[in-house]
Every structure is written in C-alpha cells, then in structure tokens.
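Next comes start.cif, with mmCIF, C-alpha atoms.
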```cif
data_start
#
loop_
_atom_site.label_atom_id
_atom_site.label_comp_id
_atom_site.auth_asym_id
_atom_site.auth_seq_id
_atom_site.Cartn_x
_atom_site.Cartn_y
_atom_site.Cartn_z
CA MET H 951 -37.58 51.11 -99.05
CA SER H 952 -38.32 51.99 -102.69
CA VAL H 953 -35.07 50.53 -103.96
CA ASP H 954 -34.59 47.36 -105.99
CA LEU H 955 -33.74 44.90 -103.18
CA SER H 956 -32.53 42.30 -105.68
CA MET H 957 -29.67 44.45 -106.97
CA PRO H 958 -26.19 43.10 -106.27
CA ILE H 959 -24.20 45.21 -103.84
CA LEU H 960 -20.42 45.26 -103.46
CA VAL H 961 -19.05 46.11 -100.00
CA VAL H 962 -15.37 47.14 -99.96
CA ASP H 963 -13.39 47.33 -96.71
CA ASP H 964 -10.06 46.00 -95.46
CA TYR H 965 -11.64 45.03 -92.11
CA ASN H 966 -13.70 41.84 -92.30
CA THR H 967 -15.54 42.94 -89.14
CA MET H 968 -16.85 46.02 -90.94
CA ILE H 969 -17.82 43.97 -93.99
CA ARG H 970 -19.80 41.65 -91.72
CA ILE H 971 -21.53 44.58 -90.01
CA ILE H 972 -22.54 46.24 -93.29
CA ARG H 973 -23.60 42.91 -94.77
CA ASN H 974 -25.88 42.27 -91.76
CA LEU H 975 -27.34 45.76 -91.91
CA LEU H 976 -28.03 45.37 -95.63
CA LYS H 977 -29.70 42.04 -95.00
CA GLN H 978 -31.89 43.66 -92.36
CA LEU H 979 -32.88 46.21 -95.02
CA GLY H 980 -33.85 43.38 -97.34
CA PHE H 981 -30.86 43.06 -99.64
CA GLU H 982 -29.65 39.52 -100.33
CA ASP H 983 -27.06 39.64 -103.11
CA ILE H 984 -24.01 41.04 -101.30
CA ASP H 985 -20.38 40.54 -102.32
CA ASP H 986 -17.27 41.95 -100.72
CA ALA H 987 -13.66 42.90 -101.44
CA ASN H 988 -10.79 43.95 -99.16
CA ASP H 989 -9.36 46.81 -101.20
CA GLY H 990 -9.97 48.95 -104.28
CA SER H 991 -8.09 46.80 -106.77
CA ALA H 992 -9.88 43.60 -105.70
CA ALA H 993 -13.17 45.50 -105.94
CA LEU H 994 -12.35 46.74 -109.43
CA ASN H 995 -11.66 43.17 -110.56
CA LYS H 996 -15.02 42.05 -109.21
CA MET H 997 -16.79 44.98 -110.85
CA ARG H 998 -15.31 44.08 -114.22
CA GLY H 999 -16.73 40.56 -113.84
CA LYS H 1000 -20.20 41.38 -112.50
CA ARG H 1001 -22.60 44.32 -112.77
CA TYR H 1002 -23.30 45.82 -109.34
CA GLY H 1003 -26.22 48.10 -108.54
CA LEU H 1004 -24.34 49.79 -105.70
CA VAL H 1005 -20.81 49.98 -104.30
CA ILE H 1006 -20.29 50.77 -100.61
CA SER H 1007 -16.62 51.43 -99.95
CA ASP H 1008 -14.22 52.41 -97.19
CA TRP H 1009 -11.59 55.07 -97.98
CA ASN H 1010 -8.38 53.98 -96.26
CA MET H 1011 -7.24 50.68 -97.80
CA GLU H 1012 -4.10 49.34 -99.39
CA PRO H 1013 -2.93 48.94 -102.07
CA MET H 1014 -5.83 50.89 -103.62
CA THR H 1015 -7.91 53.29 -101.51
CA GLY H 1016 -11.64 53.78 -101.87
CA TYR H 1017 -10.93 57.24 -103.27
CA GLU H 1018 -8.75 55.75 -106.02
CA LEU H 1019 -11.41 53.09 -106.64
CA LEU H 1020 -14.06 55.81 -107.06
CA LYS H 1021 -11.90 57.64 -109.61
CA GLU H 1022 -11.23 54.38 -111.51
CA VAL H 1023 -14.93 53.55 -111.57
CA ARG H 1024 -15.92 57.01 -112.79
CA GLY H 1025 -13.17 56.87 -115.39
CA ASP H 1026 -14.29 53.52 -116.82
CA PRO H 1027 -17.11 53.95 -119.40
CA GLY H 1028 -18.51 50.51 -118.49
CA LEU H 1029 -18.67 51.30 -114.76
CA SER H 1030 -18.99 55.08 -114.56
CA LYS H 1031 -22.71 55.15 -113.76
CA THR H 1032 -22.44 52.74 -110.79
CA PRO H 1033 -23.87 54.35 -107.62
CA PHE H 1034 -21.07 54.73 -105.10
CA ILE H 1035 -21.34 55.42 -101.37
CA MET H 1036 -18.21 56.13 -99.32
CA VAL H 1037 -18.36 54.78 -95.74
CA THR H 1038 -15.31 56.00 -93.88
CA ALA H 1039 -13.72 57.49 -90.78
CA GLU H 1040 -12.13 60.16 -93.00
CA SER H 1041 -14.31 63.19 -92.28
CA LYS H 1042 -12.23 66.26 -93.09
CA THR H 1043 -13.75 68.84 -95.40
CA GLU H 1044 -11.05 68.20 -98.00
CA ASN H 1045 -11.98 64.50 -98.08
CA VAL H 1046 -15.66 65.20 -98.64
CA ILE H 1047 -14.93 67.79 -101.32
CA ALA H 1048 -12.48 65.48 -103.08
CA ALA H 1049 -14.97 62.61 -103.04
CA LYS H 1050 -17.71 64.91 -104.31
CA LYS H 1051 -15.50 66.12 -107.15
CA ALA H 1052 -14.64 62.52 -107.98
CA GLY H 1053 -18.35 61.74 -108.32
CA VAL H 1054 -19.38 60.05 -105.06
CA ASN H 1055 -23.16 59.70 -104.64
CA ASN H 1056 -23.17 59.79 -100.87
CA TYR H 1057 -20.79 59.84 -97.91
CA ILE H 1058 -21.28 58.15 -94.53
CA VAL H 1059 -18.99 58.87 -91.58
CA LYS H 1060 -18.00 55.97 -89.31
CA PRO H 1061 -19.29 55.05 -86.81
CA PHE H 1062 -22.80 54.97 -88.26
CA ASN H 1063 -26.08 53.22 -87.58
CA ALA H 1064 -28.57 51.23 -89.62
CA GLN H 1065 -30.92 54.18 -90.03
CA THR H 1066 -28.14 56.33 -91.52
CA LEU H 1067 -27.20 53.60 -93.99
CA LYS H 1068 -30.85 53.17 -95.01
CA THR H 1069 -31.36 56.95 -95.42
CA LYS H 1070 -28.25 57.39 -97.52
CA ILE H 1071 -29.05 54.44 -99.82
CA GLU H 1072 -32.58 55.74 -100.33
CA ALA H 1073 -31.22 59.22 -101.07
CA VAL H 1074 -28.93 57.84 -103.81
CA PHE H 1075 -31.76 56.09 -105.62
CA ALA H 1076 -34.19 58.95 -105.16
CA GLU H 1077 -31.87 61.19 -107.26
CA MET T 180 47.48 84.94 -76.29
CA ALA T 181 47.19 88.54 -77.52
CA VAL T 182 48.90 89.65 -74.33
CA ALA T 183 51.77 87.19 -74.90
CA ILE T 184 52.30 88.46 -78.45
CA GLN T 185 52.28 92.06 -77.23
CA GLN T 186 54.87 91.24 -74.57
CA HIS T 187 56.97 89.58 -77.26
CA HIS T 188 56.79 92.74 -79.37
CA ASP T 189 57.66 94.87 -76.37
CA ARG T 190 60.77 92.81 -75.58
CA ILE T 191 62.03 93.00 -79.16
CA ALA T 192 61.29 96.73 -79.33
CA ALA T 193 63.06 97.33 -76.01
CA TYR T 194 66.09 95.38 -77.18
CA LEU T 195 66.23 97.21 -80.51
CA LYS T 196 65.93 100.59 -78.83
CA GLN T 197 68.77 99.65 -76.58
CA LYS T 198 70.90 98.69 -79.55
CA LEU T 199 69.87 101.60 -81.81
CA GLY T 200 72.90 103.27 -83.37
CA ALA T 201 75.33 100.61 -82.11
CA ASP T 202 76.92 97.95 -84.32
CA VAL T 203 75.06 94.70 -84.35
CA SER T 204 77.25 91.79 -83.44
CA LEU T 205 76.64 88.07 -83.72
CA ALA T 206 76.09 88.05 -80.01
CA ASP T 207 73.34 90.67 -80.51
CA VAL T 208 71.62 88.48 -83.11
CA VAL T 209 71.87 85.45 -80.86
CA ALA T 210 70.47 87.50 -77.98
CA LEU T 211 67.61 88.68 -80.20
CA ALA T 212 66.97 85.10 -81.26
CA GLU T 213 66.97 84.09 -77.62
CA ILE T 214 64.42 86.78 -76.78
CA THR T 215 62.29 85.71 -79.72
CA ALA T 216 62.49 82.05 -78.79
CA HIS T 217 61.65 82.83 -75.16
CA SER T 218 58.71 85.02 -76.19
CA LEU T 219 57.43 82.52 -78.70
CA GLN T 220 57.70 79.79 -76.09
CA SER T 221 55.28 81.68 -73.95
CA VAL T 222 53.06 82.18 -77.02
CA PHE T 223 53.16 78.45 -77.72
CA GLU T 224 52.48 77.68 -74.09
CA THR T 225 49.47 79.97 -74.25
CA LEU T 226 48.37 78.31 -77.49
CA ASP T 227 48.86 74.89 -75.93
CA SER T 228 46.76 75.91 -72.95
CA ALA T 229 43.96 77.23 -75.12
CA VAL T 230 43.93 74.15 -77.34
CA HIS T 231 44.25 71.92 -74.32
CA ARG T 232 41.30 73.66 -72.68
CA GLU T 233 39.19 73.30 -75.82
CA LEU T 234 40.07 69.62 -76.17
CA ARG T 235 39.32 69.06 -72.49
CA GLU T 236 35.90 70.68 -72.88
CA ILE T 237 35.16 68.55 -75.94
CA ALA T 238 36.23 65.39 -74.09
CA ASP T 239 34.05 66.32 -71.11
CA TYR T 240 31.11 66.98 -73.46
CA ILE T 241 31.57 63.62 -75.18
CA ALA T 242 31.74 61.87 -71.81
CA ALA T 243 28.51 63.60 -70.73
CA MET T 244 26.81 62.63 -74.01
CA LYS T 245 27.85 59.02 -73.52
CA VAL T 246 26.18 59.12 -70.12
CA GLU T 247 23.02 60.63 -71.66
CA ILE T 248 23.00 58.10 -74.51
CA ALA T 249 23.38 55.28 -71.98
CA GLY T 250 20.48 56.86 -70.10
CA LEU T 251 18.28 56.44 -73.20
CA HIS T 252 18.39 52.68 -72.62
CA PHE T 253 18.28 52.43 -76.40
CA ASN T 254 18.94 48.71 -76.54
CA GLU T 255 16.22 48.03 -73.99
CA LEU T 256 13.81 50.19 -75.98
CA LYS T 257 14.68 48.61 -79.32
CA HIS T 258 14.88 44.97 -78.29
CA THR T 259 12.36 44.77 -75.46
CA ARG T 260 9.94 47.61 -74.81
CA ILE T 261 9.00 48.61 -78.36
CA PRO T 262 8.54 45.03 -79.65
CA ALA T 263 6.48 44.29 -76.54
CA ALA T 264 4.28 47.32 -77.22
CA GLY T 265 3.83 46.14 -80.80
CA GLN T 266 2.75 42.71 -79.57
CA GLU T 267 0.25 44.30 -77.18
CA LEU T 268 -1.26 46.27 -80.07
CA ASP T 269 -1.48 43.12 -82.22
CA ALA T 270 -3.19 41.35 -79.34
CA ILE T 271 -5.67 44.24 -79.02
CA VAL T 272 -6.60 44.00 -82.70
CA LYS T 273 -7.04 40.23 -82.46
CA ALA T 274 -9.10 40.44 -79.27
CA THR T 275 -11.43 43.14 -80.58
CA GLU T 276 -11.88 41.25 -83.85
CA ALA T 277 -12.67 37.99 -82.07
CA ALA T 278 -15.13 39.71 -79.72
CA SER T 279 -16.84 41.49 -82.63
CA HIS T 280 -17.28 38.23 -84.51
CA THR T 281 -18.64 36.44 -81.44
CA ILE T 282 -21.16 39.22 -80.81
CA MET T 283 -22.21 39.36 -84.45
CA GLU T 284 -22.58 35.60 -84.64
CA CYS T 285 -24.95 35.68 -81.66
CA ALA T 286 -26.89 38.55 -83.24
CA GLU T 287 -27.17 36.67 -86.54
CA GLN T 288 -28.43 33.53 -84.81
CA VAL T 289 -31.01 35.50 -82.81
CA LEU T 290 -32.19 37.32 -85.94
CA ALA T 291 -32.46 34.04 -87.83
CA GLY T 292 -34.42 32.41 -84.99
CA ASP T 293 -38.13 31.76 -85.05
CA ALA T 294 -39.82 33.85 -82.36
CA GLY T 295 -42.74 31.42 -82.41
CA ASP T 296 -40.52 28.48 -81.46
CA PRO T 297 -40.89 27.55 -77.76
CA ALA T 298 -37.08 27.16 -77.54
CA PHE T 299 -36.54 30.67 -78.91
CA LYS T 300 -36.43 32.41 -75.51
CA ALA T 301 -33.89 29.91 -74.16
CA MET T 302 -31.76 30.39 -77.28
CA VAL T 303 -31.87 34.19 -76.96
CA ASP T 304 -30.93 34.00 -73.26
CA GLU T 305 -27.99 31.75 -74.08
CA LYS T 306 -26.77 34.03 -76.88
CA MET T 307 -27.12 37.19 -74.77
CA LEU T 308 -24.94 35.58 -72.10
CA ILE T 309 -22.29 34.89 -74.73
CA VAL T 310 -22.55 38.53 -75.84
CA PHE T 311 -21.94 39.73 -72.26
CA GLU T 312 -18.97 37.40 -71.95
CA ALA T 313 -17.54 38.63 -75.25
CA CYS T 314 -17.79 42.24 -74.06
CA SER T 315 -15.14 41.51 -71.44
CA PHE T 316 -12.59 42.17 -74.23
CA GLN T 317 -12.87 45.83 -73.25
CA ASP T 318 -11.30 45.18 -69.86
CA ILE T 319 -8.33 43.22 -71.27
CA THR T 320 -7.74 45.61 -74.17
CA GLY T 321 -7.93 48.53 -71.76
CA GLN T 322 -5.10 46.99 -69.73
CA ARG T 323 -3.07 46.32 -72.86
CA VAL T 324 -3.56 49.91 -74.02
CA ALA T 325 -2.36 51.12 -70.63
CA LYS T 326 0.85 49.10 -71.07
CA VAL T 327 1.44 50.61 -74.51
CA VAL T 328 0.81 54.12 -73.17
CA GLU T 329 3.31 53.45 -70.38
CA THR T 330 5.94 52.47 -72.94
CA LEU T 331 5.26 55.61 -74.97
CA LYS T 332 5.62 57.77 -71.86
CA HIS T 333 8.86 55.98 -70.99
CA ILE T 334 10.24 56.72 -74.47
CA GLU T 335 9.00 60.29 -74.33
CA ALA T 336 10.71 60.94 -70.98
CA ARG T 337 14.03 59.57 -72.15
CA VAL T 338 13.99 61.37 -75.48
CA ALA T 339 13.02 64.63 -73.77
CA ARG T 340 15.91 64.31 -71.30
CA PHE T 341 18.36 63.53 -74.10
CA SER T 342 17.05 66.39 -76.22
CA ASP T 343 17.44 68.81 -73.27
CA ALA T 344 21.01 67.61 -72.68
CA LEU T 345 21.85 68.18 -76.35
CA ARG T 346 19.86 71.41 -76.51
CA ALA T 347 18.61 69.83 -79.71
CA ARG T 348 16.35 71.52 -82.25
CA ASP T 349 14.16 69.72 -84.78
CA THR T 350 15.40 69.55 -88.32
CA GLY T 351 13.14 69.15 -91.33
CA GLY T 352 13.05 66.15 -93.65
CA PHE T 353 12.57 62.42 -93.24
CA VAL T 354 14.89 59.78 -91.84
CA SER T 355 14.24 57.31 -94.65
CA GLU T 356 12.81 57.03 -98.14
CA GLU T 357 10.08 54.78 -96.72
CA GLU T 358 8.99 57.50 -94.30
CA ARG T 359 8.98 60.12 -97.06
CA ALA T 360 6.95 57.88 -99.39
CA SER T 361 4.43 57.09 -96.64
CA ALA T 362 3.94 60.78 -95.84
CA ALA T 363 3.59 61.61 -99.55
CA ARG T 364 0.98 58.87 -100.01
CA LYS T 365 -1.04 60.10 -97.02
CA GLU T 366 -1.01 63.64 -98.37
CA ARG T 367 -1.89 62.63 -101.95
CA LEU T 368 -4.76 60.29 -100.94
CA LEU T 369 -6.05 62.45 -98.02
CA LEU T 370 -5.48 59.77 -95.38
CA SER T 371 -5.76 61.16 -91.87
CA GLY T 372 -7.96 58.60 -90.11
CA PRO T 373 -10.67 59.05 -87.49
CA ARG T 374 -10.83 62.34 -85.56
CA LEU T 375 -10.25 62.47 -81.82
CA ASP T 376 -12.87 64.97 -80.78
CA GLY T 377 -15.80 62.52 -81.00
CA ARG T 378 -18.06 65.08 -82.68
CA ASP T 379 -20.86 63.88 -84.89
CA ARG T 380 -19.62 64.87 -88.35
CA GLN T 381 -22.38 63.37 -90.49
CA SER T 382 -24.39 66.63 -90.51
CA GLU T 383 -21.35 68.63 -91.65
CA VAL T 384 -20.66 66.09 -94.39
CA ASP T 385 -24.28 66.21 -95.54
CA ARG T 386 -24.09 70.03 -95.74
CA LEU T 387 -20.92 69.86 -97.83
CA LEU T 388 -22.45 67.33 -100.20
CA ALA T 389 -25.64 69.37 -100.57
CA LYS T 390 -23.74 72.51 -101.66
CA PRO T 391 -23.82 73.04 -105.43
#
```
Show me this structure written as structure tokens.
Amino acid sequence: MSVDLSMPILVVDDYNTMIRIIRNLLKQLGFEDIDDANDGSAALNKMRGKRYGLVISDWNMEPMTGYELLKEVRGDPGLSKTPFIMVTAESKTENVIAAKKAGVNNYIVKPFNAQTLKTKIEAVFAE
Amino acid sequence: MAVAIQQHHDRIAAYLKQKLGADVSLADVVALAEITAHSLQSVFETLDSAVHRELREIADYIAAMKVEIAGLHFNELKHTRIPAAGQELDAIVKATEAASHTIMECAEQVLAGDAGDPAFKAMVDEKMLIVFEACSFQDITGQRVAKVVETLKHIEARVARFSDALRARDTGGFVSEEERASAARKERLLLSGPRLDGRDRQSEVDRLLAKP
C-alpha cells in the first residue's frame, strides 16, 4: 500500500465490536497509530487535540452522527482537509449524495471485508 | 315520532272541525287540552322509546368494547410480555458482543503467534476450538429472537382484533413529543439503518460517488 502507514487514524463508531474489527483490519494493513471514539462529538474533541491523517466513521451514532461530524470537520478551517471515510449500514442514495455533498472522500457499506477497506483507503490517498 | 305528531294534528283538526261555528266553552277548551295532552303523551312515549333505544345501543356498544379491551390483555402486555421481549433483545446484544470479542481475541492471538514456534499449531488448535464454541451464540440468539417474534405476533393479533371491533382507521400525528422529535431527527439526519434485501450495495455507492 502506497500510503503513509505511520499516520494516525481515528476510528469512530458507537459499537466497540466494530471499532475492534476495523482496528484489527487496519493493523493487518500495516497501520499502528489507531485511536477511537464512540460518537461524533467525542471524535471532534480528539481531532482538536491531535492531527489525524484519516478519519473512518460510522453514520448512526448519538448524540452526534457521523454525518454531523463530517460537516463539522469540513466546516472547521483547522480540520477541513482531513480525509474522511464513512463506514456505515446506511446505503440509500440520499445518504450517499448527502455525504458526497458534505465532502466525504469515500463511502463503505457495512458489512465489508478487508480488501474493500484497503481499496477505499488507497483510493482516497491516490486522489 | 312523525306519525305520532301527525295523529296529534289530525285529532286537533277533527275536534276543531266538529266545533266550527259553535261557541267555545270552557269544557271545549278542557277537552282540547285533554286531546293535546293525550297526543303529546304518545309523542313523549315515542321520544322516550327512541332515546331509550339509542341509550341501550350505546350501553351495549360500551359493554362490547369493555370485552374487547379486556381481550387485549393490556396489563399482561405492558407488565410482562413487552418487558420480557426487551430483556430478550438486551440478552441478544450482550451475547453477540461477547461472542464477537471471544472470536476476535482468538484471532488476535493467532495472528500475533510465531508460526515457527513448535507450540504454534497446538495454540491455533486450541483457539479454533474456542472460536467454534463461541459461535454457538447463534443458536441461543436464534431462540431468543423467536421468543421476541412470538410476542410481536401476539400483540399484532390482539391489536388487529381490537381494531376490527372498533372499525378503527389510522389517524395522522404522533402520540408524544418524544416520538415526534425522534422521527424528525431520523428524517433530518437520514437515519434508516441497514436494508433488509441483503443486496450488495457497495457497487451502487461507488457509482454514485464517481458521478461528477
């Protein structure tokens, strides 16, 4: 993979099981610096304290969804350029279009496999 | 009742015709009053019957509704079946989470192992056995889901019977502010959850993203 494997990644999901799965998949891909948060607002706090090279976020979380997190990130001049991949069970056309308009870099539908995650990460950094 | 009123009119008219041209005495007025009272009595009796019939029908309807409401077993639903279904769902979440963590822990240990170590094979065998054991969650959660589905069907049958008895139609709106706010949030933030059809949607998503 032609991506900087040392970059810190933030995984955002309200299910710890999913965080553990993504963390393991990322480790298999060679990434080591992986943090996590259980909702958008916790993620935003972490992002304001540490520079992340990539955010991988679920959509459906409370109190702040991944969609709201994406809009906050894109609206913050200090965070707006952060690559952002949505990983979610929300797969309706309106969701994808809304995320695209909000500035998402890629969109993975759950359930997914390691190859899909790898392909989508590579696609983001190839842009 | 219309017939009674008409008969009343006819009696008065007949009496007046009879008395036309003659002097009207006190006895005539009393007789007229008597006819009127007698006629009105029958009108009131008719009215009483109609009102009585209506009230009887309403009372019968209320009695039937009480039977239907009792048939809902509302207290049983509220205090026993629905809480039990909620507990089953909680147990399902806990069981699937525990099984997932057990399986992932085994996977992590196998991945971290040294394939060159003579004890590696034995370790992998041991972990794979734990993985198989953990997968038994599917059997238990399947049984719990079946119990929840049974409760939902029970509720559905009772509500359907009650709705048929009432000849009820749906009305719009929400039953509480909480329900309204939840629906509004789901609409605003596009929250609909996983689809049921099991189709692979990644290709469709990729096509949408690729469009300019």
Residue nearest Val1074 in chain H among H:Asp963, H:Glu1044, H:Gly1003, H:Trp1009 (counting only C-alpha atoms): H:Gly1003
CA of Phe311 in chain T to CA of His280 in chain T, distance in Å rounded to a single decimal: 13.2 Å
Interface residues on chain H facing chain T, 7 Å, all atoms listed in the file, written as a ChimeraX atom specification: /H:967,1010,1039-1041,1045-1046,1050,1058-1059
Of the listed residues H:Lys1000, H:Val961, H:Thr1043, H:Ser1007, that which approaches Asp985 in chain H most closely, counting only C-alpha atoms: H:Val961
Nearby residues (all atoms listed in the file) at most 6 Å from range 986-997 of chain H, same-chain spacing under 3 positions excluded, as JSON, numbers by chain: {"H": [960, 961, 962, 963, 964, 1000, 1011, 1014, 1015, 1016, 1019]}
Could you write those residues out with C-alpha atoms, as a CSV table (one decimal), in the coordinates of the input?
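Ended up saving to again-v5.csv:
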```
chain,number,residue,atom,x,y,z
H,960,LEU,CA,-20.4,45.3,-103.5
H,961,VAL,CA,-19.0,46.1,-100.0
H,962,VAL,CA,-15.4,47.1,-100.0
H,963,ASP,CA,-13.4,47.3,-96.7
H,964,ASP,CA,-10.1,46.0,-95.5
H,1000,LYS,CA,-20.2,41.4,-112.5
H,1011,MET,CA,-7.2,50.7,-97.8
H,1014,MET,CA,-5.8,50.9,-103.6
H,1015,THR,CA,-7.9,53.3,-101.5
H,1016,GLY,CA,-11.6,53.8,-101.9
H,1019,LEU,CA,-11.4,53.1,-106.6
```
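The space separating CA of Asn1056 in chain H from CA of Ala1073 in chain H comes to 8.1 Å.
Note that CA of Ala344 in chain T and CA of Arg235 in chain T are 18.4 Å apart.
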Listed atoms of range 250-256 of chain T boxed axis-aligned with 6 Å per side, centre + edges as AutoDock Vina command-line options:
```
--center_x 17.1 --center_y 52.4 --center_z -73.3 --size_x 18.7 --size_y 20.8 --size_z 18.4
```
Expected residue set, 9 Å radius at (-13.2, 55.4, -107.0), all atoms listed in the file, as a VMD selection string: chain H and resid 990 1007 1015 to 1025 1034 1049 1052 to 1054
Expansion of the PyMOL selection byres ((chain T and resi 268) around 12) into residues, as a PyMOL selection string: chain T and resi 261-267+269-275+319-328+330
